[in-house]
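The data block below is structure_26.csv; it holds CSV, C-alpha atoms and all ligand atoms.
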```
chain,number,residue,atom,x,y,z
U,726,MET,CA,-37.5,7.8,35.2
U,727,ILE,CA,-34.0,8.5,34.0
U,728,LEU,CA,-32.7,5.8,31.7
U,729,SER,CA,-29.0,5.3,32.1
U,730,VAL,CA,-27.1,4.9,28.9
U,731,PRO,CA,-23.9,2.9,29.3
U,732,PRO,CA,-20.9,5.1,28.3
U,733,ALA,CA,-19.4,4.2,24.9
U,734,ARG,CA,-16.3,2.2,25.4
U,735,ALA,CA,-13.0,3.9,24.4
U,736,LEU,CA,-11.8,3.0,20.9
U,737,ARG,CA,-8.1,2.5,20.5
U,738,LEU,CA,-6.1,2.9,17.3
U,739,GLY,CA,-3.3,0.4,16.7
U,740,VAL,CA,-1.0,1.5,13.9
U,741,ASN,CA,0.5,-1.3,11.8
U,742,ILE,CA,4.0,-0.3,10.7
U,743,ASP,CA,4.8,-3.3,8.4
U,744,HIS,CA,4.9,-1.2,5.3
U,745,VAL,CA,7.5,1.2,6.6
U,746,ALA,CA,9.7,-1.9,6.7
U,747,THR,CA,8.5,-2.9,3.2
U,748,VAL,CA,9.9,0.4,1.9
U,749,ARG,CA,13.1,0.0,3.9
U,750,ASN,CA,13.6,-3.5,2.6
U,751,ALA,CA,13.2,-2.3,-1.0
U,752,ARG,CA,16.7,-0.9,-0.8
U,753,GLY,CA,18.2,-3.3,1.7
U,754,GLY,CA,19.4,-0.6,4.1
U,755,SER,CA,18.1,0.8,7.4
U,756,TYR,CA,16.0,3.7,6.0
U,757,PRO,CA,13.1,4.4,6.7
U,758,ASP,CA,13.3,2.9,10.2
U,759,PRO,CA,10.0,1.3,11.3
U,760,VAL,CA,10.9,1.8,15.0
U,761,ALA,CA,11.2,5.6,14.4
U,762,ALA,CA,7.9,5.5,12.6
U,763,ALA,CA,6.3,3.7,15.5
U,764,MET,CA,7.6,6.4,17.9
U,765,LEU,CA,6.1,9.1,15.7
U,766,ALA,CA,2.8,7.2,15.4
U,767,VAL,CA,2.5,7.0,19.2
U,768,ALA,CA,3.4,10.7,19.5
U,769,ALA,CA,0.7,11.4,16.9
U,770,GLY,CA,-2.1,9.6,18.9
U,771,ALA,CA,-1.7,5.8,18.2
U,772,ASP,CA,-2.6,3.8,21.2
U,773,GLY,CA,-0.4,0.9,20.3
U,774,ILE,CA,1.8,-0.5,17.5
U,775,THR,CA,1.2,-3.6,15.5
U,776,ALA,CA,3.9,-5.5,13.6
U,777,HIS,CA,3.5,-8.7,11.7
U,778,MET,CA,6.7,-10.8,11.5
U,779,ARG,CA,6.1,-13.2,8.6
U,780,GLU,CA,7.8,-16.5,8.2
U,781,ASP,CA,9.7,-15.1,5.2
U,782,ARG,CA,10.6,-11.8,7.0
U,783,ARG,CA,9.4,-9.8,4.0
U,784,HIS,CA,8.9,-6.7,6.0
U,785,ILE,CA,9.3,-6.8,9.8
U,786,ARG,CA,12.4,-8.6,11.0
U,787,ASP,CA,13.5,-10.1,14.3
U,788,ALA,CA,15.7,-7.1,15.1
U,789,ASP,CA,12.8,-4.7,14.5
U,790,LEU,CA,10.7,-6.6,17.1
U,791,VAL,CA,13.5,-6.6,19.6
U,792,ARG,CA,13.9,-2.8,19.2
U,793,LEU,CA,10.2,-2.2,19.3
U,794,ARG,CA,9.9,-4.1,22.6
U,795,ALA,CA,12.9,-2.3,24.1
U,796,GLU,CA,12.2,1.2,22.9
U,797,LEU,CA,8.4,1.6,22.7
U,798,ALA,CA,6.5,2.8,25.7
U,799,ALA,CA,3.1,1.9,24.1
U,800,PRO,CA,1.7,-1.6,23.9
U,801,LEU,CA,3.2,-3.8,21.2
U,802,ASN,CA,0.9,-6.2,19.3
U,803,MET,CA,2.9,-8.9,17.5
U,804,GLU,CA,1.0,-10.4,14.6
U,805,MET,CA,2.2,-13.9,13.9
U,806,ALA,CA,1.4,-17.3,12.4
U,807,ALA,CA,0.6,-20.2,14.7
U,808,THR,CA,4.0,-21.9,14.2
U,809,ASP,CA,6.4,-23.2,16.9
U,810,GLU,CA,9.0,-20.7,15.7
U,811,MET,CA,6.7,-17.7,16.2
U,812,VAL,CA,5.4,-18.9,19.5
U,813,ALA,CA,9.0,-19.3,20.8
U,814,ILE,CA,9.9,-15.8,19.6
U,815,ALA,CA,6.8,-14.4,21.3
U,816,LEU,CA,7.5,-16.2,24.6
U,817,ASP,CA,11.0,-14.8,24.5
U,818,LEU,CA,10.0,-11.3,23.5
U,819,ARG,CA,6.9,-11.0,25.7
U,820,PRO,CA,4.9,-8.4,23.8
U,821,HIS,CA,1.7,-7.0,25.3
U,822,ALA,CA,-0.4,-8.9,22.8
U,823,CYS,CA,-0.1,-11.5,20.1
U,824,CYS,CA,-2.6,-11.6,17.2
U,825,ILE,CA,-2.5,-15.0,15.5
U,826,VAL,CA,-3.2,-14.8,11.8
U,827,PRO,CA,-3.3,-17.4,9.0
U,828,GLU,CA,-0.3,-17.1,6.8
U,829,ARG,CA,0.4,-18.4,3.3
U,830,ARG,CA,3.7,-17.7,1.7
U,831,ALA,CA,2.3,-16.7,-1.7
U,832,GLU,CA,-0.3,-14.2,-0.4
U,833,VAL,CA,0.2,-10.5,-0.7
U,834,THR,CA,-1.6,-9.8,2.6
U,835,THR,CA,-3.5,-11.8,5.1
U,836,GLU,CA,-6.4,-13.2,3.1
U,837,GLY,CA,-9.2,-14.4,5.2
U,838,GLY,CA,-9.3,-15.2,8.9
U,839,LEU,CA,-7.9,-18.1,10.9
U,840,ASP,CA,-9.8,-21.3,10.9
U,841,VAL,CA,-10.1,-21.6,14.7
U,842,ALA,CA,-12.9,-24.1,14.5
U,843,GLY,CA,-11.0,-26.4,12.2
U,844,GLN,CA,-7.6,-26.0,14.0
U,845,ALA,CA,-8.8,-25.8,17.6
U,846,VAL,CA,-6.7,-28.8,18.7
U,847,ALA,CA,-3.5,-27.4,17.4
U,848,LEU,CA,-4.2,-23.8,18.4
U,849,ALA,CA,-5.4,-24.4,22.0
U,850,PRO,CA,-1.9,-25.3,23.5
U,851,GLN,CA,-0.3,-22.3,21.7
U,852,VAL,CA,-3.0,-19.9,23.0
U,853,ARG,CA,-2.5,-21.4,26.5
U,854,ALA,CA,1.3,-21.1,26.4
U,855,LEU,CA,1.1,-17.4,25.4
U,856,ARG,CA,-1.6,-16.7,27.9
U,857,GLU,CA,0.3,-18.3,30.7
U,858,ALA,CA,3.3,-16.0,29.8
U,859,GLY,CA,1.0,-13.0,30.4
U,860,ILE,CA,0.4,-12.2,26.7
U,861,ARG,CA,-3.0,-11.2,25.6
U,862,VAL,CA,-4.0,-13.5,22.8
U,863,SER,CA,-6.1,-12.3,19.9
U,864,LEU,CA,-7.3,-14.5,17.0
U,865,PHE,CA,-7.9,-12.9,13.6
U,866,VAL,CA,-11.1,-14.4,12.4
U,867,ASP,CA,-13.8,-13.9,9.8
U,868,PRO,CA,-17.1,-12.7,11.2
U,869,GLU,CA,-18.5,-16.3,11.4
U,870,PRO,CA,-20.4,-17.6,14.4
U,871,ALA,CA,-18.4,-20.9,14.5
U,872,GLN,CA,-15.1,-19.1,14.6
U,873,ILE,CA,-16.1,-16.7,17.4
U,874,ALA,CA,-17.5,-19.7,19.5
U,875,ALA,CA,-14.3,-21.7,18.9
U,876,SER,CA,-12.1,-18.7,19.8
U,877,ALA,CA,-13.9,-18.4,23.2
U,878,ALA,CA,-13.7,-22.1,23.7
U,879,ILE,CA,-9.9,-22.3,23.3
U,880,GLY,CA,-9.3,-19.5,25.7
U,881,ALA,CA,-8.4,-16.5,23.6
U,882,ALA,CA,-8.9,-13.1,25.3
U,883,VAL,CA,-9.6,-11.2,22.1
U,884,VAL,CA,-11.0,-11.7,18.5
U,885,GLU,CA,-10.0,-9.4,15.8
U,886,LEU,CA,-12.7,-9.4,13.1
U,887,HIS,CA,-11.4,-9.4,9.6
U,888,THR,CA,-12.9,-6.4,7.8
U,889,GLY,CA,-11.3,-7.1,4.4
U,890,ALA,CA,-14.5,-8.3,2.7
U,891,TYR,CA,-16.4,-5.3,4.1
U,892,ALA,CA,-13.7,-3.0,2.8
U,893,GLU,CA,-14.1,-4.6,-0.6
U,894,GLY,CA,-17.9,-3.8,-0.4
U,895,ARG,CA,-19.2,-7.4,-0.2
U,896,ALA,CA,-23.0,-7.4,0.3
U,897,GLY,CA,-24.1,-8.3,3.8
U,898,GLU,CA,-20.7,-8.1,5.3
U,899,TYR,CA,-21.4,-5.2,7.6
U,900,GLU,CA,-24.3,-7.1,9.1
U,901,ARG,CA,-22.1,-10.2,9.6
U,902,LEU,CA,-19.6,-8.0,11.4
U,903,ARG,CA,-22.3,-6.4,13.5
U,904,ARG,CA,-23.6,-9.8,14.6
U,905,ALA,CA,-20.1,-11.2,15.2
U,906,ALA,CA,-19.1,-8.2,17.4
U,907,ALA,CA,-22.2,-8.8,19.5
U,908,GLN,CA,-21.7,-12.5,19.7
U,909,ALA,CA,-18.0,-12.1,20.7
U,910,ASP,CA,-18.8,-9.6,23.4
U,911,GLU,CA,-21.5,-11.8,24.7
U,912,ALA,CA,-19.0,-14.6,24.9
U,913,GLY,CA,-16.7,-12.5,27.0
U,914,LEU,CA,-14.2,-11.8,24.3
U,915,GLU,CA,-12.7,-8.3,23.7
U,916,VAL,CA,-13.5,-7.2,20.1
U,917,HIS,CA,-11.0,-5.7,17.7
U,918,ALA,CA,-11.3,-5.2,14.0
U,919,GLY,CA,-9.1,-4.5,11.0
U,920,HIS,CA,-7.9,-4.9,7.4
U,921,GLY,CA,-8.5,-2.6,4.5
U,922,LEU,CA,-9.8,0.3,6.7
U,923,THR,CA,-9.6,3.8,5.3
U,924,TYR,CA,-11.0,7.3,6.1
U,925,ASP,CA,-14.0,6.4,3.9
U,926,ASN,CA,-15.0,3.1,5.4
U,927,VAL,CA,-13.8,3.2,9.0
U,928,GLY,CA,-16.9,5.0,10.3
U,929,PRO,CA,-19.4,2.1,10.5
U,930,ILE,CA,-16.8,-0.2,12.0
U,931,ALA,CA,-15.8,2.5,14.6
U,932,ALA,CA,-19.5,2.8,15.5
U,933,LEU,CA,-19.9,-0.8,16.5
U,934,PRO,CA,-20.1,-0.4,20.3
U,935,GLN,CA,-18.4,-3.6,21.2
U,936,VAL,CA,-15.3,-2.9,19.1
U,937,VAL,CA,-12.5,-1.4,21.3
U,938,GLU,CA,-9.5,-1.5,19.0
U,939,LEU,CA,-8.9,-1.0,15.3
U,940,ASN,CA,-5.6,-2.1,13.7
U,941,ILE,CA,-4.8,-0.1,10.5
U,942,GLY,CA,-1.7,-0.2,8.4
U,943,HIS,CA,-1.6,0.0,4.6
U,944,PHE,CA,-3.8,3.0,4.2
U,945,LEU,CA,-2.1,5.0,6.9
U,946,ILE,CA,1.4,4.4,5.6
U,947,GLY,CA,0.2,5.1,2.0
U,948,GLN,CA,-1.6,8.3,2.9
U,949,ALA,CA,1.4,9.4,4.9
U,950,ILE,CA,3.2,9.9,1.6
U,951,PHE,CA,0.8,12.7,0.8
U,952,ASP,CA,0.0,14.2,4.3
U,953,GLY,CA,2.7,12.9,6.6
U,954,LEU,CA,2.2,10.2,9.2
U,955,ALA,CA,1.2,12.5,12.1
U,956,ALA,CA,-1.5,14.3,10.1
U,957,THR,CA,-2.8,11.0,8.7
U,958,ILE,CA,-3.1,9.4,12.1
U,959,ALA,CA,-4.7,12.6,13.5
U,960,ARG,CA,-7.3,12.5,10.7
U,961,MET,CA,-8.0,8.8,11.2
U,962,ARG,CA,-8.5,9.4,14.9
U,963,GLN,CA,-11.0,12.2,14.0
U,964,CYS,CA,-12.9,9.8,11.7
U,965,MET,CA,-13.0,7.1,14.4
U,966,ASP,CA,-14.1,9.5,17.2
U,967,ALA,CA,-16.7,11.2,15.0
U,968,ALA,CA,-18.3,7.8,14.2
U,969,ARG,CA,-18.1,6.6,17.8
U,970,THR,CA,-19.8,9.7,19.2
U,971,GLY,CA,-22.1,10.2,16.3
U,972,ILE,CA,-20.8,13.8,15.8
U,973,ASP,CA,-19.5,14.8,12.4
H,1,LIG,N1,-5.2,-6.7,11.4
H,1,LIG,C1,-4.5,-7.8,11.0
H,1,LIG,C2,-4.7,-9.0,11.8
H,1,LIG,C3,-3.8,-7.9,9.8
H,1,LIG,O1,-3.2,-9.0,9.4
H,1,LIG,C4,-3.6,-6.7,9.1
H,1,LIG,C5,-2.7,-6.7,7.9
H,1,LIG,O2,-1.4,-6.9,8.2
H,1,LIG,C6,-4.2,-5.5,9.6
H,1,LIG,C7,-5.0,-5.6,10.7
H,1,LIG,C8,-4.1,-4.2,8.9
H,1,LIG,O3,-4.6,-4.3,7.6
H,1,LIG,P1,-4.4,-3.1,6.6
H,1,LIG,O4,-2.9,-3.0,6.4
H,1,LIG,O5,-5.1,-3.4,5.4
H,1,LIG,O6,-4.8,-1.8,7.3
```
Take the structure in the file and give it back as structure tokens.
Ligand code: PXP
Amino acid sequence: MILSVPPARALRLGVNIDHVATVRNARGGSYPDPVAAAMLAVAAGADGITAHMREDRRHIRDADLVRLRAELAAPLNMEMAATDEMVAIALDLRPHACCIVPERRAEVTTEGGLDVAGQAVALAPQVRALREAGIRVSLFVDPEPAQIAASAAIGAAVVELHTGAYAEGRAGEYERLRRAAAQADEAGLEVHAGHGLTYDNVGPIAALPQVVELNIGHFLIGQAIFDGLAATIARMRQCMDAARTGID
């Protein structure tokens, strides 16, 4: 008897360009241009571009999103807080996807996942409005069973699993991610992952068979200082593909 092994699902790389805008904003001008970086990233093998417009506009600004939407051929994933302002902007902009993240003004980066289980009543209508506008809605959650179940219950299409604690080396975190990916897939959710991923730690996450997209920002933009953005993205792709196929 020949056992059929299901083919591995393709693994996409979403490049987060927020920190190109961070460098631009440090001098208040228009250089370096995050939209130009997005184009370069796509030419170098990125499958999509992620941009997080924060309430305080500390990196990505409204005009960046408008230009990304108009100029980018690849899918745009708008990261945003679950506020009326951001939902209205997304409904106007119509990006390919929206990833809803928790946001606290004082934080340096997105610390911890969204409490979907605790905020389901407030989130459900926002998810519905975005979904009805044809936008794929992703919820950025910690790998906790209650959060995955709540994400499916309120109608999200995708969960993005927060890999920050794994990247920091917290004991048991990989196992939690492994179980969460399986649970989400079982619940019919598409599974993404991201935060704190680097060449050194991406492999085990890329090897999770249910994960179909990784969103990576800070490391890629930082490493681009040394190797250039195109070479950095190409190397990250190699790390992901090697882990996915088990070939080093
Ligand atoms: N995914 C989400 C939902 C995020 O909020 C972030 C950080 O903006 C990332 C992925 C990328 O994280 P990092 O910049 O650490 O690669």
(message) Please compute the atom CA of Gly953 of chain U-atom CA of Asn741 of chain U distance, one decimal, in Å.
(response)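 A separation of 15.3 Å between them.
Among the candidates U:His887, U:Arg895, U:Arg792, U:Arg960, the residue lying nearest to ligand LIG 1 (chain H) is U:His887 (atoms considered: only C-alpha atoms and all ligand atoms).
Atom CA of Glu810 of chain U lies 21.8 Å from atom CA of Thr747 of chain U.
Comparing U:Arg904, U:Arg962, U:Arg734, U:His917 by their smallest distance to ligand LIG 1 (chain H), the closest is U:His917 (using only C-alpha atoms and all ligand atoms).
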(message) Can you measure atom CA of Val767 of chain U to atom CA of Ala956 of chain U for me? One decimal in Å is fine.
(response)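 So the answer is 12.3 Å.
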(request) Could you give me, as a PyMOL selection string, every polymer residue with an atom at most 10 Å away from an atom of ligand LIG 1 (chain H), counting only C-alpha atoms and all ligand atoms? (result) chain U and resi 739-744+775-779+802-806+823-828+833-839+863-866+884-889+892+917-923+939-947
Create the file for the chosen residues now, containing C-alpha atoms and written as a PDB file, keeping the file's coordinate frame.
```pdb
ATOM      1  CA  GLY U 739      -3.300   0.400  16.700  1.00  0.00           C
ATOM      2  CA  VAL U 740      -1.000   1.500  13.900  1.00  0.00           C
ATOM      3  CA  ASN U 741       0.500  -1.300  11.800  1.00  0.00           C
ATOM      4  CA  ILE U 742       4.000  -0.300  10.700  1.00  0.00           C
ATOM      5  CA  ASP U 743       4.800  -3.300   8.400  1.00  0.00           C
ATOM      6  CA  HIS U 744       4.900  -1.200   5.300  1.00  0.00           C
ATOM      7  CA  THR U 775       1.200  -3.600  15.500  1.00  0.00           C
ATOM      8  CA  ALA U 776       3.900  -5.500  13.600  1.00  0.00           C
ATOM      9  CA  HIS U 777       3.500  -8.700  11.700  1.00  0.00           C
ATOM     10  CA  MET U 778       6.700 -10.800  11.500  1.00  0.00           C
ATOM     11  CA  ARG U 779       6.100 -13.200   8.600  1.00  0.00           C
ATOM     12  CA  ASN U 802       0.900  -6.200  19.300  1.00  0.00           C
ATOM     13  CA  MET U 803       2.900  -8.900  17.500  1.00  0.00           C
ATOM     14  CA  GLU U 804       1.000 -10.400  14.600  1.00  0.00           C
ATOM     15  CA  MET U 805       2.200 -13.900  13.900  1.00  0.00           C
ATOM     16  CA  ALA U 806       1.400 -17.300  12.400  1.00  0.00           C
ATOM     17  CA  CYS U 823      -0.100 -11.500  20.100  1.00  0.00           C
ATOM     18  CA  CYS U 824      -2.600 -11.600  17.200  1.00  0.00           C
ATOM     19  CA  ILE U 825      -2.500 -15.000  15.500  1.00  0.00           C
ATOM     20  CA  VAL U 826      -3.200 -14.800  11.800  1.00  0.00           C
ATOM     21  CA  PRO U 827      -3.300 -17.400   9.000  1.00  0.00           C
ATOM     22  CA  GLU U 828      -0.300 -17.100   6.800  1.00  0.00           C
ATOM     23  CA  VAL U 833       0.200 -10.500  -0.700  1.00  0.00           C
ATOM     24  CA  THR U 834      -1.600  -9.800   2.600  1.00  0.00           C
ATOM     25  CA  THR U 835      -3.500 -11.800   5.100  1.00  0.00           C
ATOM     26  CA  GLU U 836      -6.400 -13.200   3.100  1.00  0.00           C
ATOM     27  CA  GLY U 837      -9.200 -14.400   5.200  1.00  0.00           C
ATOM     28  CA  GLY U 838      -9.300 -15.200   8.900  1.00  0.00           C
ATOM     29  CA  LEU U 839      -7.900 -18.100  10.900  1.00  0.00           C
ATOM     30  CA  SER U 863      -6.100 -12.300  19.900  1.00  0.00           C
ATOM     31  CA  LEU U 864      -7.300 -14.500  17.000  1.00  0.00           C
ATOM     32  CA  PHE U 865      -7.900 -12.900  13.600  1.00  0.00           C
ATOM     33  CA  VAL U 866     -11.100 -14.400  12.400  1.00  0.00           C
ATOM     34  CA  VAL U 884     -11.000 -11.700  18.500  1.00  0.00           C
ATOM     35  CA  GLU U 885     -10.000  -9.400  15.800  1.00  0.00           C
ATOM     36  CA  LEU U 886     -12.700  -9.400  13.100  1.00  0.00           C
ATOM     37  CA  HIS U 887     -11.400  -9.400   9.600  1.00  0.00           C
ATOM     38  CA  THR U 888     -12.900  -6.400   7.800  1.00  0.00           C
ATOM     39  CA  GLY U 889     -11.300  -7.100   4.400  1.00  0.00           C
ATOM     40  CA  ALA U 892     -13.700  -3.000   2.800  1.00  0.00           C
ATOM     41  CA  HIS U 917     -11.000  -5.700  17.700  1.00  0.00           C
ATOM     42  CA  ALA U 918     -11.300  -5.200  14.000  1.00  0.00           C
ATOM     43  CA  GLY U 919      -9.100  -4.500  11.000  1.00  0.00           C
ATOM     44  CA  HIS U 920      -7.900  -4.900   7.400  1.00  0.00           C
ATOM     45  CA  GLY U 921      -8.500  -2.600   4.500  1.00  0.00           C
ATOM     46  CA  LEU U 922      -9.800   0.300   6.700  1.00  0.00           C
ATOM     47  CA  THR U 923      -9.600   3.800   5.300  1.00  0.00           C
ATOM     48  CA  LEU U 939      -8.900  -1.000  15.300  1.00  0.00           C
ATOM     49  CA  ASN U 940      -5.600  -2.100  13.700  1.00  0.00           C
ATOM     50  CA  ILE U 941      -4.800  -0.100  10.500  1.00  0.00           C
ATOM     51  CA  GLY U 942      -1.700  -0.200   8.400  1.00  0.00           C
ATOM     52  CA  HIS U 943      -1.600   0.000   4.600  1.00  0.00           C
ATOM     53  CA  PHE U 944      -3.800   3.000   4.200  1.00  0.00           C
ATOM     54  CA  LEU U 945      -2.100   5.000   6.900  1.00  0.00           C
ATOM     55  CA  ILE U 946       1.400   4.400   5.600  1.00  0.00           C
ATOM     56  CA  GLY U 947       0.200   5.100   2.000  1.00  0.00           C
TER      57      GLY U 947
END
```
(message) Would you pick out the contacts of Arg819 of chain U at 7 Å or less, using only C-alpha atoms, so that residues sharing its chain but fewer than 3 positions from it are not included, and give the list as a PyMOL selection string?
(response) chain U and resi 815-816+860
Filtering to C-alpha atoms, could you give me those residues as a short mmCIF file (atom, residue, chain, number, x, y, z; two decimals), in the frame of the given file?
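Okay, selection-v4.cif is ready:
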```cif
data_model
loop_
_atom_site.label_atom_id
_atom_site.label_comp_id
_atom_site.auth_asym_id
_atom_site.auth_seq_id
_atom_site.Cartn_x
_atom_site.Cartn_y
_atom_site.Cartn_z
CA ALA U 815 6.80 -14.40 21.30
CA LEU U 816 7.50 -16.20 24.60
CA ILE U 860 0.40 -12.20 26.70
#
```
(message) With distances taken over only C-alpha atoms, which residue among U:Asp772, U:Asp809, U:Asp910, U:Glu900 lies nearest Gln935 of chain U?
(response) U:Asp910
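Minimum atom-to-atom distance to Ala761 of chain U, evaluated using all atoms listed in the file, belongs to U:Leu793 out of U:Leu793, U:Asp867, U:Gln908, U:Arg737.
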(message) Calculated over all atoms listed in the file, which of the candidates U:Glu898, U:Asp925, U:Asp789, U:Asp781 has the smallest distance to Val745 of chain U?
(response)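 Nearest candidate to Val745 of chain U out of U:Glu898, U:Asp925, U:Asp789, U:Asp781: U:Asp789.
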(request) Do a neighbour search on Ala882 of chain U at 7 Å with only C-alpha atoms, toss out local chain neighbours closer than 3 positions, and write the hits as a list in words. (result)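 Once the nearby chain positions are removed, what remains is Arg861, Val862, Ser863, Leu914 and Glu915 of chain U.
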(request) Return the single residue from U:Leu797, U:Met965, U:Ile814, U:Glu857 that is closest to Ala766 of chain U, with distances computed using all atoms listed in the file. (result) U:Leu797
(request) Extract, using all atoms listed in the file, all DNA, RNA and protein residues at most 10 Å from segment 843-848 of chain U, discarding same-chain residues fewer than 5 positions from it, and format them as a list in words. (result)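 Everything that qualifies: Ala807, Thr808, Ile825, Arg853, Leu864, Ala871, Gln872, Ala875, Ser876, Ala878, Ile879, Gly880 and Ala881 of chain U.
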Kindly reconstruct segment 806-813 of chain U with all heavy atoms and present the result as a PDB file, in the frame of the given file.
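out.pdb, written as the output of this step:
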```pdb
ATOM      1  N   ALA U 806       2.002 -16.017  12.707  1.00  0.00           N
ATOM      2  CA  ALA U 806       1.400 -17.300  12.400  1.00  0.00           C
ATOM      3  C   ALA U 806       1.473 -18.224  13.551  1.00  0.00           C
ATOM      4  O   ALA U 806       2.335 -18.051  14.416  1.00  0.00           O
ATOM      5  CB  ALA U 806       2.063 -17.891  11.151  1.00  0.00           C
ATOM      6  N   ALA U 807       0.616 -19.227  13.559  1.00  0.00           N
ATOM      7  CA  ALA U 807       0.600 -20.200  14.700  1.00  0.00           C
ATOM      8  C   ALA U 807       1.651 -21.279  14.406  1.00  0.00           C
ATOM      9  O   ALA U 807       1.322 -22.433  14.151  1.00  0.00           O
ATOM     10  CB  ALA U 807      -0.771 -20.802  14.815  1.00  0.00           C
ATOM     11  N   THR U 808       2.921 -20.878  14.449  1.00  0.00           N
ATOM     12  CA  THR U 808       4.000 -21.900  14.200  1.00  0.00           C
ATOM     13  C   THR U 808       4.817 -21.949  15.527  1.00  0.00           C
ATOM     14  O   THR U 808       4.850 -20.999  16.313  1.00  0.00           O
ATOM     15  CB  THR U 808       4.925 -21.453  13.088  1.00  0.00           C
ATOM     16  OG1 THR U 808       5.559 -20.212  13.445  1.00  0.00           O
ATOM     17  CG2 THR U 808       4.165 -21.281  11.784  1.00  0.00           C
ATOM     18  N   ASP U 809       5.524 -23.060  15.686  1.00  0.00           N
ATOM     19  CA  ASP U 809       6.400 -23.200  16.900  1.00  0.00           C
ATOM     20  C   ASP U 809       7.423 -22.128  16.938  1.00  0.00           C
ATOM     21  O   ASP U 809       7.744 -21.608  18.004  1.00  0.00           O
ATOM     22  CB  ASP U 809       7.016 -24.601  16.896  1.00  0.00           C
ATOM     23  CG  ASP U 809       5.990 -25.712  17.116  1.00  0.00           C
ATOM     24  OD1 ASP U 809       4.863 -25.402  17.543  1.00  0.00           O
ATOM     25  OD2 ASP U 809       6.328 -26.879  16.848  1.00  0.00           O
ATOM     26  N   GLU U 810       7.968 -21.781  15.765  1.00  0.00           N
ATOM     27  CA  GLU U 810       9.000 -20.700  15.700  1.00  0.00           C
ATOM     28  C   GLU U 810       8.465 -19.416  16.275  1.00  0.00           C
ATOM     29  O   GLU U 810       9.093 -18.778  17.123  1.00  0.00           O
ATOM     30  CB  GLU U 810       9.485 -20.534  14.275  1.00  0.00           C
ATOM     31  CG  GLU U 810      10.588 -19.486  14.178  1.00  0.00           C
ATOM     32  CD  GLU U 810      10.719 -18.832  12.796  1.00  0.00           C
ATOM     33  OE1 GLU U 810       9.805 -18.967  11.965  1.00  0.00           O
ATOM     34  OE2 GLU U 810      11.734 -18.157  12.580  1.00  0.00           O
ATOM     35  N   MET U 811       7.288 -19.017  15.793  1.00  0.00           N
ATOM     36  CA  MET U 811       6.700 -17.700  16.200  1.00  0.00           C
ATOM     37  C   MET U 811       6.309 -17.726  17.676  1.00  0.00           C
ATOM     38  O   MET U 811       6.496 -16.733  18.384  1.00  0.00           O
ATOM     39  CB  MET U 811       5.558 -17.329  15.316  1.00  0.00           C
ATOM     40  CG  MET U 811       5.973 -16.923  13.926  1.00  0.00           C
ATOM     41  SD  MET U 811       7.081 -15.487  13.919  1.00  0.00           S
ATOM     42  CE  MET U 811       7.913 -15.745  12.350  1.00  0.00           C
ATOM     43  N   VAL U 812       5.762 -18.833  18.121  1.00  0.00           N
ATOM     44  CA  VAL U 812       5.400 -18.900  19.500  1.00  0.00           C
ATOM     45  C   VAL U 812       6.619 -18.773  20.413  1.00  0.00           C
ATOM     46  O   VAL U 812       6.625 -18.040  21.411  1.00  0.00           O
ATOM     47  CB  VAL U 812       4.589 -20.204  19.842  1.00  0.00           C
ATOM     48  CG1 VAL U 812       4.377 -20.378  21.344  1.00  0.00           C
ATOM     49  CG2 VAL U 812       3.241 -20.194  19.116  1.00  0.00           C
ATOM     50  N   ALA U 813       7.705 -19.434  20.022  1.00  0.00           N
ATOM     51  CA  ALA U 813       9.000 -19.300  20.800  1.00  0.00           C
ATOM     52  C   ALA U 813       9.474 -17.911  20.821  1.00  0.00           C
ATOM     53  O   ALA U 813       9.905 -17.410  21.876  1.00  0.00           O
ATOM     54  CB  ALA U 813       9.992 -20.297  20.221  1.00  0.00           C
TER      55      ALA U 813
END
```
